[in-house]
$ cat data06.cif   # mmCIF, C-alpha atoms
data_start
loop_
_atom_site.label_atom_id
_atom_site.label_comp_id
_atom_site.auth_asym_id
_atom_site.auth_seq_id
_atom_site.Cartn_x
_atom_site.Cartn_y
_atom_site.Cartn_z
CA MET A 1 -11.60 -21.76 -7.94
CA LYS A 2 -10.26 -25.29 -8.08
CA LYS A 3 -6.76 -26.01 -9.21
CA THR A 4 -5.30 -29.22 -10.58
CA ILE A 5 -2.12 -30.30 -8.83
CA THR A 6 0.32 -33.04 -9.74
CA MET A 7 2.46 -34.78 -7.15
CA THR A 8 4.66 -37.84 -7.06
CA VAL A 9 3.25 -39.84 -4.17
CA ASN A 10 5.07 -43.00 -3.11
CA GLY A 11 6.70 -43.14 -6.54
CA GLN A 12 3.48 -42.74 -8.48
CA ILE A 13 2.39 -39.60 -10.30
CA MET A 14 -0.97 -38.52 -8.94
CA LYS A 15 -3.30 -35.68 -9.86
CA ALA A 16 -5.93 -34.04 -7.71
CA GLU A 17 -8.34 -31.17 -8.13
CA VAL A 18 -8.32 -29.04 -5.02
CA GLU A 19 -9.66 -25.80 -3.63
CA PRO A 20 -6.87 -23.51 -2.36
CA ARG A 21 -8.11 -24.04 1.19
CA THR A 22 -7.84 -27.84 1.01
CA LEU A 23 -5.23 -29.03 3.48
CA LEU A 24 -2.63 -31.44 2.14
CA ILE A 25 -3.66 -34.10 4.68
CA ASP A 26 -7.28 -33.93 3.49
CA CYS A 27 -6.20 -34.23 -0.14
CA LEU A 28 -4.06 -37.29 0.63
CA ARG A 29 -6.73 -39.02 2.68
CA ASP A 30 -10.00 -38.05 0.99
CA GLN A 31 -8.98 -37.63 -2.63
CA LEU A 32 -6.03 -39.97 -3.06
CA GLY A 33 -7.29 -42.60 -0.63
CA LEU A 34 -4.09 -42.64 1.42
CA SER A 35 -5.45 -42.80 4.94
CA GLY A 36 -2.20 -43.84 6.64
CA ALA A 37 -1.43 -40.30 7.78
CA LYS A 38 -3.98 -39.37 10.44
CA VAL A 39 -5.86 -36.22 11.32
CA GLY A 40 -5.22 -35.62 15.00
CA CYS A 41 -5.13 -32.14 16.47
CA VAL A 42 -5.12 -30.26 13.11
CA VAL A 43 -3.01 -27.50 14.66
CA GLY A 44 0.45 -28.98 14.22
CA LYS A 45 0.98 -30.26 17.75
CA CYS A 46 0.40 -34.01 17.55
CA GLY A 47 2.38 -35.14 14.49
CA ALA A 48 -0.14 -37.81 13.43
CA CYS A 49 -0.29 -36.27 9.93
CA THR A 50 3.48 -36.42 9.39
CA ILE A 51 4.61 -37.24 5.84
CA ILE A 52 7.90 -36.87 3.98
CA LEU A 53 7.78 -33.97 1.53
CA ASN A 54 10.76 -33.47 -0.79
CA GLY A 55 12.90 -35.49 1.60
CA LEU A 56 11.88 -33.74 4.82
CA THR A 57 9.37 -34.68 7.49
CA VAL A 58 6.50 -32.20 7.63
CA LYS A 59 3.08 -32.01 9.21
CA SER A 60 0.63 -32.24 6.34
CA CYS A 61 -2.18 -30.50 8.24
CA MET A 62 -0.11 -27.32 8.31
CA MET A 63 0.02 -26.72 4.58
CA PHE A 64 -2.34 -26.40 1.68
CA ALA A 65 -2.44 -29.04 -1.02
CA VAL A 66 -1.80 -26.41 -3.71
CA GLN A 67 1.61 -25.81 -2.15
CA ALA A 68 2.56 -29.41 -2.85
CA ASP A 69 2.06 -29.05 -6.61
CA GLY A 70 5.13 -30.65 -8.19
CA ALA A 71 6.37 -32.11 -4.91
CA GLU A 72 7.61 -35.58 -4.13
CA ILE A 73 5.77 -37.12 -1.22
CA MET A 74 6.16 -40.29 0.76
CA THR A 75 3.45 -41.47 3.11
CA ILE A 76 3.55 -44.50 5.39
CA GLU A 77 1.96 -46.53 2.57
CA GLY A 78 5.15 -46.10 0.53
CA LEU A 79 7.52 -47.41 3.17
CA ALA A 80 7.14 -51.18 3.08
CA GLY A 81 8.77 -53.18 0.31
CA ASP A 82 7.17 -55.96 -1.68
CA GLY A 83 5.14 -57.82 0.91
CA GLU A 84 7.74 -57.09 3.55
CA LEU A 85 7.69 -54.53 6.32
CA HIS A 86 10.37 -51.84 6.46
CA PRO A 87 12.91 -52.58 9.24
CA MET A 88 11.55 -49.66 11.28
CA GLN A 89 7.97 -50.95 10.95
CA GLN A 90 9.17 -54.43 11.94
CA ALA A 91 10.98 -52.98 14.96
CA PHE A 92 7.79 -51.21 16.09
CA THR A 93 5.93 -54.52 15.79
CA ASP A 94 8.61 -56.56 17.56
CA LYS A 95 8.95 -54.09 20.43
CA SER A 96 5.16 -53.79 20.87
CA ALA A 97 5.42 -50.07 20.22
CA VAL A 98 1.95 -49.90 18.66
CA GLN A 99 -1.06 -49.53 20.91
CA CYS A 100 -4.02 -47.79 19.30
CA GLY A 101 -1.83 -47.08 16.27
CA PHE A 102 -2.99 -43.53 15.64
CA CYS A 103 0.43 -41.94 16.16
CA THR A 104 2.35 -44.84 14.62
CA SER A 105 2.51 -43.84 10.97
CA GLY A 106 3.95 -40.44 11.84
CA MET A 107 6.32 -41.83 14.47
CA VAL A 108 7.66 -44.44 12.03
CA LEU A 109 8.32 -41.88 9.29
CA THR A 110 10.10 -39.54 11.69
CA ALA A 111 12.12 -42.51 12.98
CA THR A 112 13.26 -43.52 9.49
CA GLN A 113 14.46 -39.96 8.87
CA LEU A 114 16.33 -39.98 12.18
CA ALA A 115 17.96 -43.31 11.30
CA LYS A 116 19.23 -41.87 8.02
CA ASP A 117 20.79 -38.80 9.67
CA HIS A 118 21.86 -40.42 12.96
CA PRO A 119 22.21 -44.20 12.60
CA ASN A 120 23.52 -44.42 16.18
CA ALA A 121 21.02 -42.02 17.72
CA SER A 122 21.18 -41.76 21.49
CA GLU A 123 18.07 -41.97 23.66
CA GLU A 124 18.17 -38.19 24.03
CA GLU A 125 18.36 -37.70 20.25
CA ILE A 126 15.45 -40.10 19.78
CA LYS A 127 13.36 -38.19 22.30
CA ASP A 128 14.20 -34.93 20.59
CA ALA A 129 13.33 -36.39 17.18
CA ILE A 130 9.85 -37.47 18.32
CA GLY A 131 9.27 -34.16 20.13
CA GLY A 132 6.71 -33.29 17.46
CA HIS A 133 4.58 -36.39 18.08
CA ILE A 134 2.08 -37.18 20.78
CA CYS A 135 1.17 -40.76 21.74
CA ARG A 136 -2.09 -40.51 23.66
CA CYS A 137 -1.64 -44.12 24.83
CA THR A 138 1.60 -42.82 26.41
CA GLY A 139 3.56 -45.76 25.08
CA TYR A 140 6.75 -43.76 24.78
CA VAL A 141 9.10 -46.26 26.45
CA ALA A 142 8.31 -48.95 23.89
CA ILE A 143 8.43 -46.41 21.05
CA VAL A 144 11.90 -45.21 22.03
CA ASP A 145 13.05 -48.86 22.32
CA ALA A 146 11.61 -49.62 18.89
CA ILE A 147 13.32 -46.64 17.28
CA LYS A 148 16.63 -47.65 18.84
CA GLU A 149 16.18 -51.15 17.44
CA GLY A 150 14.97 -49.87 14.07
CA CYS A 151 17.99 -47.56 13.71
CA LYS A 152 20.25 -50.55 14.41
CA ARG A 153 18.50 -52.75 11.86
CA MET A 154 18.49 -50.02 9.20
CA SER A 155 22.24 -49.43 9.55
CA GLU A 156 22.91 -53.19 9.49
CA GLN A 157 20.88 -53.52 6.34
CA GLN A 158 22.85 -50.76 4.66
CA GLY A 159 26.24 -51.79 6.01
CA MET B 1 -11.72 -26.88 11.71
CA ARG B 2 -10.79 -25.84 8.20
CA PRO B 3 -9.95 -22.41 6.73
CA ALA B 4 -12.47 -20.21 4.93
CA GLU B 5 -12.18 -19.77 1.16
CA PHE B 6 -9.44 -17.59 -0.27
CA GLU B 7 -7.67 -17.00 -3.56
CA TYR B 8 -4.19 -18.46 -3.85
CA HIS B 9 -1.35 -16.68 -5.65
CA GLU B 10 2.13 -18.02 -6.09
CA SER B 11 4.96 -15.50 -6.44
CA ARG B 12 8.27 -16.46 -8.01
CA THR B 13 10.07 -13.16 -7.38
CA VAL B 14 10.07 -10.51 -4.65
CA GLU B 15 8.90 -7.93 -7.23
CA GLU B 16 5.92 -10.09 -8.16
CA ALA B 17 4.93 -10.50 -4.52
CA LEU B 18 5.30 -6.76 -3.87
CA SER B 19 3.25 -5.76 -6.88
CA PHE B 20 0.49 -8.10 -5.76
CA LEU B 21 0.52 -6.64 -2.24
CA GLN B 22 0.37 -3.18 -3.80
CA LEU B 23 -2.47 -4.06 -6.17
CA ARG B 24 -4.75 -6.07 -3.90
CA GLY B 25 -3.59 -4.97 -0.45
CA ASP B 26 -6.88 -3.36 0.52
CA GLU B 27 -8.83 -6.59 -0.13
CA GLY B 28 -7.15 -8.46 2.71
CA VAL B 29 -3.92 -10.17 1.78
CA LYS B 30 -1.70 -12.39 3.88
CA VAL B 31 1.78 -13.55 2.97
CA LEU B 32 2.32 -17.30 3.31
CA ALA B 33 5.79 -18.50 4.29
CA GLY B 34 6.11 -21.56 6.59
CA GLY B 35 2.46 -21.12 7.53
CA LEU B 36 2.96 -22.54 11.01
CA SER B 37 1.24 -19.59 12.65
CA LEU B 38 -0.94 -18.40 9.78
CA VAL B 39 -2.55 -21.72 8.84
CA PRO B 40 -3.82 -22.48 12.37
CA MET B 41 -5.07 -18.90 12.65
CA MET B 42 -6.97 -19.35 9.38
CA LYS B 43 -8.47 -22.61 10.67
CA LEU B 44 -9.66 -20.84 13.80
CA ARG B 45 -10.95 -18.02 11.56
CA LEU B 46 -8.84 -15.56 13.53
CA ALA B 47 -7.38 -14.69 10.14
CA GLN B 48 -9.64 -14.72 7.11
CA PRO B 49 -7.67 -13.23 4.22
CA ALA B 50 -9.31 -12.94 0.81
CA HIS B 51 -5.94 -13.59 -0.85
CA LEU B 52 -2.89 -15.58 0.11
CA VAL B 53 0.45 -14.79 -1.50
CA ASP B 54 2.69 -17.85 -1.34
CA ILE B 55 6.30 -16.66 -1.29
CA THR B 56 7.83 -20.05 -0.43
CA LYS B 57 8.88 -20.63 -4.03
CA ILE B 58 10.94 -17.46 -4.34
CA PRO B 59 14.41 -19.00 -4.67
CA THR B 60 16.35 -15.80 -3.89
CA LEU B 61 15.07 -15.50 -0.32
CA SER B 62 16.74 -18.58 1.11
CA TYR B 63 20.45 -18.10 1.86
CA ILE B 64 23.04 -17.62 4.59
CA GLU B 65 25.97 -15.34 3.77
CA GLU B 66 28.84 -13.64 5.56
CA SER B 67 28.49 -9.89 5.64
CA GLY B 68 31.65 -7.89 5.03
CA ASN B 69 32.13 -6.85 8.65
CA GLY B 70 32.00 -10.31 10.23
CA GLY B 71 28.26 -10.58 10.64
CA LEU B 72 25.68 -12.64 8.80
CA ARG B 73 22.94 -11.98 6.26
CA ILE B 74 20.15 -14.52 6.25
CA GLY B 75 17.36 -14.68 3.69
CA ALA B 76 13.91 -14.38 5.25
CA LEU B 77 12.77 -17.75 3.89
CA THR B 78 15.67 -19.71 5.35
CA THR B 79 14.23 -22.47 7.52
CA TYR B 80 15.17 -23.04 11.15
CA ALA B 81 16.72 -26.38 10.14
CA ALA B 82 18.89 -24.68 7.51
CA VAL B 83 20.00 -22.01 9.99
CA SER B 84 20.77 -24.40 12.84
CA GLY B 85 22.55 -26.83 10.52
CA SER B 86 24.70 -24.16 8.85
CA GLU B 87 28.41 -24.39 9.64
CA LEU B 88 28.72 -20.68 8.97
CA VAL B 89 26.06 -19.87 11.57
CA GLN B 90 27.59 -22.32 14.04
CA LYS B 91 30.92 -20.52 13.63
CA ARG B 92 29.78 -16.89 13.45
CA CYS B 93 26.73 -16.90 15.69
CA PRO B 94 26.52 -20.17 17.63
CA ILE B 95 23.67 -18.91 19.81
CA LEU B 96 21.50 -18.48 16.69
CA ALA B 97 22.25 -22.09 15.70
CA GLU B 98 21.39 -23.16 19.23
CA VAL B 99 18.07 -21.29 19.40
CA THR B 100 16.89 -22.37 15.95
CA GLY B 101 17.98 -25.93 16.79
CA ILE B 102 15.78 -26.25 19.89
CA LEU B 103 12.83 -24.29 18.57
CA GLY B 104 9.71 -26.39 18.02
CA ASP B 105 10.30 -29.91 16.76
CA PRO B 106 11.99 -31.40 13.67
CA GLN B 107 8.91 -31.06 11.45
CA ILE B 108 8.50 -27.43 12.48
CA ARG B 109 12.19 -26.70 11.91
CA ASN B 110 11.96 -28.21 8.42
CA VAL B 111 9.21 -25.79 7.41
CA GLY B 112 9.30 -22.72 9.65
CA THR B 113 11.25 -19.71 8.41
CA ILE B 114 13.23 -17.14 10.35
CA GLY B 115 11.54 -14.28 8.48
CA GLY B 116 8.09 -15.73 9.10
CA ASN B 117 8.80 -15.93 12.80
CA ILE B 118 9.99 -12.32 12.95
CA SER B 119 7.18 -10.88 10.76
CA ASN B 120 4.53 -12.71 12.75
CA ALA B 121 5.80 -11.05 15.96
CA ASP B 122 4.28 -13.56 18.33
CA PRO B 123 5.14 -12.28 21.82
CA ALA B 124 6.30 -15.80 22.78
CA SER B 125 8.62 -16.12 19.77
CA ASP B 126 11.96 -17.78 20.45
CA ILE B 127 13.68 -15.43 18.02
CA GLY B 128 12.34 -12.13 19.42
CA PRO B 129 14.39 -11.80 22.63
CA MET B 130 17.56 -12.80 20.76
CA ALA B 131 16.89 -10.39 17.88
CA LEU B 132 16.44 -7.55 20.36
CA ALA B 133 19.55 -8.40 22.39
CA LEU B 134 21.80 -8.91 19.36
CA ASP B 135 20.57 -5.72 17.71
CA VAL B 136 19.49 -7.61 14.60
CA GLU B 137 18.47 -5.54 11.57
CA MET B 138 15.51 -6.35 9.37
CA GLY B 139 15.93 -5.82 5.64
CA ILE B 140 12.58 -4.76 4.20
CA ALA B 141 11.55 -4.53 0.56
CA GLY B 142 8.72 -2.26 -0.46
CA PRO B 143 7.36 -0.23 -3.35
CA GLN B 144 9.87 2.55 -2.54
CA GLY B 145 12.81 0.16 -2.47
CA ARG B 146 14.79 -1.24 0.42
CA ARG B 147 15.03 -0.04 4.01
CA THR B 148 16.35 -1.50 7.24
CA VAL B 149 14.83 -1.38 10.70
CA LYS B 150 16.50 -2.47 13.93
CA ALA B 151 14.77 -5.07 16.08
CA ALA B 152 14.09 -2.50 18.81
CA ASP B 153 11.96 -0.50 16.36
CA PHE B 154 10.62 -3.47 14.40
CA TYR B 155 8.54 -5.05 17.16
CA VAL B 156 5.76 -2.51 17.61
CA ASP B 157 2.95 -4.32 19.41
CA LEU B 158 1.20 -7.67 19.75
CA PHE B 159 1.58 -9.40 16.35
CA THR B 160 2.38 -5.96 14.95
CA THR B 161 5.63 -4.87 13.33
CA ALA B 162 7.07 -1.87 11.54
CA LEU B 163 6.23 -3.55 8.22
CA ASP B 164 3.76 -1.52 6.16
CA ALA B 165 0.96 -3.34 4.35
CA GLY B 166 2.79 -3.29 1.03
CA GLU B 167 6.15 -4.40 2.40
CA LEU B 168 7.95 -7.71 2.75
CA LEU B 169 10.67 -8.76 5.18
CA VAL B 170 13.42 -10.14 2.94
CA GLU B 171 16.60 -10.31 5.00
CA ILE B 172 17.82 -10.66 8.57
CA VAL B 173 21.16 -9.01 9.28
CA ILE B 174 23.10 -10.24 12.32
CA PRO B 175 25.81 -7.79 13.34
CA PRO B 176 29.26 -9.11 14.25
CA LEU B 177 29.25 -10.41 17.81
CA PRO B 178 31.48 -8.76 20.42
CA SER B 179 34.40 -10.77 21.82
CA GLN B 180 34.68 -12.01 25.45
CA THR B 181 30.92 -12.35 25.35
CA GLY B 182 28.70 -15.23 26.38
CA PHE B 183 25.13 -15.71 25.18
CA SER B 184 22.36 -17.79 26.66
CA TYR B 185 18.70 -18.45 25.86
CA THR B 186 16.16 -20.45 27.77
CA LYS B 187 12.42 -20.86 27.95
CA LEU B 188 9.90 -22.38 30.28
CA ASN B 189 7.53 -24.81 28.60
CA GLN B 190 5.69 -28.02 29.33
CA ARG B 191 6.49 -29.98 26.17
CA ARG B 192 9.82 -29.43 24.48
CA ALA B 193 8.13 -28.42 21.23
CA ASP B 194 5.97 -25.76 22.87
CA MET B 195 6.57 -22.04 22.78
CA GLY B 196 7.70 -20.49 26.04
CA ILE B 197 5.46 -19.40 28.89
CA VAL B 198 8.40 -17.10 29.60
CA ASN B 199 11.56 -16.69 27.45
CA ALA B 200 14.82 -15.08 28.51
CA PHE B 201 18.01 -14.16 26.68
CA SER B 202 21.26 -12.82 28.12
CA SER B 203 24.41 -11.48 26.54
CA VAL B 204 27.30 -10.75 28.92
CA THR B 205 30.64 -9.18 27.94
CA LEU B 206 33.33 -9.57 30.55
CA ASP B 207 36.59 -7.74 31.19
CA GLY B 208 38.14 -9.99 33.82
CA ASP B 209 35.52 -10.05 36.57
CA ILE B 210 33.93 -6.79 35.52
CA VAL B 211 30.76 -6.73 33.44
CA LYS B 212 31.79 -4.57 30.51
CA ASP B 213 28.49 -4.84 28.73
CA VAL B 214 25.25 -6.73 29.22
CA LYS B 215 21.92 -7.12 27.50
CA VAL B 216 19.01 -9.00 28.98
CA THR B 217 15.72 -9.51 27.17
CA VAL B 218 12.55 -11.38 28.04
CA GLY B 219 9.67 -12.65 25.93
CA ALA B 220 6.06 -13.78 26.43
CA VAL B 221 5.55 -11.28 29.25
CA ALA B 222 4.51 -8.26 27.19
CA ALA B 223 3.15 -7.46 23.74
CA THR B 224 6.69 -7.47 22.35
CA PRO B 225 10.03 -8.80 23.58
CA VAL B 226 11.39 -6.32 26.13
CA ARG B 227 14.75 -5.37 27.58
CA ALA B 228 15.27 -5.72 31.31
CA LEU B 229 16.95 -2.34 31.64
CA GLN B 230 17.11 -2.33 35.43
CA THR B 231 18.88 -5.71 35.36
CA GLU B 232 21.41 -4.38 32.87
CA LYS B 233 22.00 -1.25 34.98
CA ILE B 234 22.71 -3.25 38.13
CA LEU B 235 25.30 -5.39 36.35
CA LYS B 236 27.05 -3.00 34.01
CA GLY B 237 30.48 -1.80 35.13
CA ASN B 238 30.39 -3.83 38.32
CA VAL B 239 32.39 -6.76 39.65
CA LEU B 240 30.50 -9.96 39.08
CA THR B 241 29.38 -11.91 42.15
CA ASP B 242 26.68 -14.53 42.67
CA GLU B 243 24.80 -12.07 44.86
CA LEU B 244 24.87 -9.43 42.15
CA ILE B 245 23.45 -11.88 39.60
CA VAL B 246 20.56 -12.70 41.95
CA GLU B 247 19.88 -9.02 42.63
CA ALA B 248 19.98 -8.22 38.92
CA ALA B 249 17.78 -11.18 37.98
CA ASN B 250 15.16 -10.22 40.56
CA ALA B 251 15.08 -6.71 39.12
CA ALA B 252 14.05 -8.14 35.74
CA ALA B 253 10.53 -8.54 37.11
CA ASP B 254 10.30 -4.82 37.93
CA GLY B 255 8.04 -2.95 35.61
CA ILE B 256 6.90 -6.11 33.82
CA LYS B 257 3.14 -6.64 33.82
CA PRO B 258 2.50 -9.98 32.15
CA GLU B 259 -0.98 -11.25 31.30
CA THR B 260 -2.76 -14.21 32.81
CA ASP B 261 -3.80 -16.76 30.17
CA VAL B 262 -4.45 -20.50 29.83
CA HIS B 263 -0.74 -21.26 30.16
CA ALA B 264 0.11 -19.34 33.34
CA THR B 265 -1.02 -16.63 35.72
CA ALA B 266 0.59 -13.21 35.70
CA GLU B 267 2.07 -13.87 39.16
CA TYR B 268 3.69 -17.12 38.04
CA ARG B 269 5.12 -15.49 34.92
CA THR B 270 6.56 -12.67 37.01
CA GLU B 271 8.30 -15.12 39.34
CA MET B 272 9.59 -17.20 36.44
CA VAL B 273 11.13 -14.13 34.79
CA LYS B 274 13.49 -13.90 37.78
CA VAL B 275 14.33 -17.59 37.61
CA LEU B 276 14.98 -17.69 33.86
CA VAL B 277 16.96 -14.46 33.79
CA LYS B 278 19.17 -15.83 36.58
CA ARG B 279 19.73 -19.04 34.61
CA THR B 280 20.63 -17.25 31.39
CA LEU B 281 22.90 -14.77 33.15
CA THR B 282 24.73 -17.59 34.93
CA GLN B 283 25.20 -19.54 31.71
CA ALA B 284 26.19 -16.46 29.69
CA VAL B 285 28.84 -15.60 32.28
CA LYS B 286 30.19 -19.15 32.17
CA ARG B 287 30.39 -18.99 28.38
CA ALA B 288 32.02 -15.54 28.38
CA ARG B 289 34.88 -16.79 30.58
#

$ encode --input "data06.cif" --output "structure tokens"
Amino acid sequence: MKKTITMTVNGQIMKAEVEPRTLLIDCLRDQLGLSGAKVGCVVGKCGACTIILNGLTVKSCMMFAVQADGAEIMTIEGLAGDGELHPMQQAFTDKSAVQCGFCTSGMVLTATQLAKDHPNASEEEIKDAIGGHICRCTGYVAIVDAIKEGCKRMSEQQG
Amino acid sequence: MRPAEFEYHESRTVEEALSFLQLRGDEGVKVLAGGLSLVPMMKLRLAQPAHLVDITKIPTLSYIEESGNGGLRIGALTTYAAVSGSELVQKRCPILAEVTGILGDPQIRNVGTIGGNISNADPASDIGPMALALDVEMGIAGPQGRRTVKAADFYVDLFTTALDAGELLVEIVIPPLPSQTGFSYTKLNQRRADMGIVNAFSSVTLDGDIVKDVKVTVGAVAATPVRALQTEKILKGNVLTDELIVEAANAAADGIKPETDVHATAEYRTEMVKVLVKRTLTQAVKRAR
């Protein structure tokens, strides 16, 4: 039996009609048209489906859409400002940390969360933070550099 | 790879969840907490419940409190991130903060619950060896009321616990930790977010150079976490030396018959038990001093 759920996604109230077994990632991509979060491994290992749910990074392939009824969600689509990239997105671009791009949306969201909690994150903390993401292009060196740079820019912007 | 159809039920209280389990238990019901083990199993159709009871919105199951005697009471739905970030846990039971802080990855720690981990009873669980060594008690709610079961009796078999079909794990009780005691946990894995191919936990209580008390547990080598009783026997009451630690660690492999699977052969696991037990014993001793 289908259920109607209401979520605040990237600041907008959105409704969707879902079966209980519909995964949150499938609802976001197929029903709400937000294809920024990717379907990678579908078993919670690769992190490509990472979104921010009620302020916390989660893997959206590991939960059902019905569980997100009433939740506040941010996907990568909600990160950039008016025609301007978020500092973390800009850092990924500047440091050439995007190869095929499949892992990027998840990596960037995780990185913005890290920057909020640890503005001066060490290399070790960065590596730990992205422990739930896999980059199959193996571009980790550039990604870690980009996150370091993004953290710096985010704290400068706030300070 | 998507789950089969099921009916979804959201419980707002423990009583509501229990009455549902009671009413529809024979139709195939699974309890949904963090879902990190259950959801993949449903995708693989290894689990195909007709009903799913979502308990994640029961507000009374997420808490960390001091118990009267210096221990801790933790609600079953408390996430790993909440446990590892809790100042109270860091003060009262730092090893629990450490283990829940390295378990999985940030996204997993934001969602996964301590009660879900324990109820699922995965033999490779990071919590299992610690629960057994610390003599953790499980608070269980059921149709007949509350009861408690110690970790040693709770883990029954592979993915099987002392929980009856109509029962729910609601609380984890950590007893007060002994003084002059060091604790250490480690696991062998390929990626830092992975579960262990072998897990080991040691608790060493020292009186000068004499081992007053010791508990050593290993995971992922049997259906449940197990105590390395021979290792404990070699150490207990004796003067600590490097040679004794090696002898005791090697004995941890005695009587263990791990399985061969895609992650490792039985032989490799057996060897690694010795290595990891030695590492945890060495670190626990250092911390106890």

$ residues_around --input "data06.cif" --residues "Glu16 in chain B" --least-positions-apart "6" --cutoff "10 Å" --atoms "only C-alpha atoms" --output "count of residues only"
5

$ closest_residue --input "data06.cif" --among "A:Leu79, A:Cys137, A:Ala142, A:Cys61" --to "Gly40 in chain A" --atoms "only C-alpha atoms"
A:Cys61

$ resolve_selection --input "data06.cif" --expression "the PyMOL selection byres ((chain A and resi 4) around 9)" --output "list of chain:residue names"
A:Lys2, A:Lys3, A:Ile5, A:Thr6, A:Lys15, A:Ala16, A:Glu17, A:Val18, A:Glu19, A:Val66, A:Asp69

$ write_last_selection --input "data06.cif" --atoms "C-alpha atoms" --output "tab-separated table (two decimals), in the coordinates of the input"
chain	number	residue	atom	x	y	z
A	2	LYS	CA	-10.26	-25.29	-8.08
A	3	LYS	CA	-6.76	-26.01	-9.21
A	5	ILE	CA	-2.12	-30.30	-8.83
A	6	THR	CA	0.32	-33.04	-9.74
A	15	LYS	CA	-3.30	-35.68	-9.86
A	16	ALA	CA	-5.93	-34.04	-7.71
A	17	GLU	CA	-8.34	-31.17	-8.13
A	18	VAL	CA	-8.32	-29.04	-5.02
A	19	GLU	CA	-9.66	-25.80	-3.63
A	66	VAL	CA	-1.80	-26.41	-3.71
A	69	ASP	CA	2.06	-29.05	-6.61

$ residues_around --input "data06.cif" --residues "Ile140 in chain B" --least-positions-apart "6" --cutoff "7 Å" --atoms "all atoms listed in the file" --output "PyMOL selection string"
chain B and resi 146-148+167-171

$ write_last_selection --input "data06.cif" --atoms "C-alpha atoms" --output "PDB file, in the coordinates of the input"
ATOM      1  CA  ARG B 146      14.790  -1.240   0.420  1.00  0.00           C
ATOM      2  CA  ARG B 147      15.030  -0.040   4.010  1.00  0.00           C
ATOM      3  CA  THR B 148      16.350  -1.500   7.240  1.00  0.00           C
ATOM      4  CA  GLU B 167       6.150  -4.400   2.400  1.00  0.00           C
ATOM      5  CA  LEU B 168       7.950  -7.710   2.750  1.00  0.00           C
ATOM      6  CA  LEU B 169      10.670  -8.760   5.180  1.00  0.00           C
ATOM      7  CA  VAL B 170      13.420 -10.140   2.940  1.00  0.00           C
ATOM      8  CA  GLU B 171      16.600 -10.310   5.000  1.00  0.00           C
TER       9      GLU B 171
END

$ interface_residues --input "data06.cif" --of "chain B" --to "chain A" --cutoff "10 Å" --atoms "all atoms listed in the file" --output "PyMOL selection string"
chain B and resi 1-10+32+34-44+52+54+56-57+102+104-111+191-194

$ atom_distance --input "data06.cif" --atom1 "CA of Leu281 in chain B" --atom2 "CA of Ile256 in chain B"
18.2 Å

$ residues_around --input "data06.cif" --residues "Ile245 in chain B" --least-positions-apart "6" --cutoff "9 Å" --atoms "all atoms listed in the file" --output "NGL selection string"
:B and (231 or 234-235 or 278 or 281-282)

$ write_last_selection --input "data06.cif" --atoms "C-alpha atoms" --output "short mmCIF file (atom, residue, chain, number, x, y, z; two decimals), in the coordinates of the input"
data_model
loop_
_atom_site.label_atom_id
_atom_site.label_comp_id
_atom_site.auth_asym_id
_atom_site.auth_seq_id
_atom_site.Cartn_x
_atom_site.Cartn_y
_atom_site.Cartn_z
CA THR B 231 18.88 -5.71 35.36
CA ILE B 234 22.71 -3.25 38.13
CA LEU B 235 25.30 -5.39 36.35
CA LYS B 278 19.17 -15.83 36.58
CA LEU B 281 22.90 -14.77 33.15
CA THR B 282 24.73 -17.59 34.93
#

$ resolve_selection --input "data06.cif" --expression "the PyMOL selection byres ((chain B and resi 97) around 10)" --output "ChimeraX atom specification"
/B:80-96,98-102
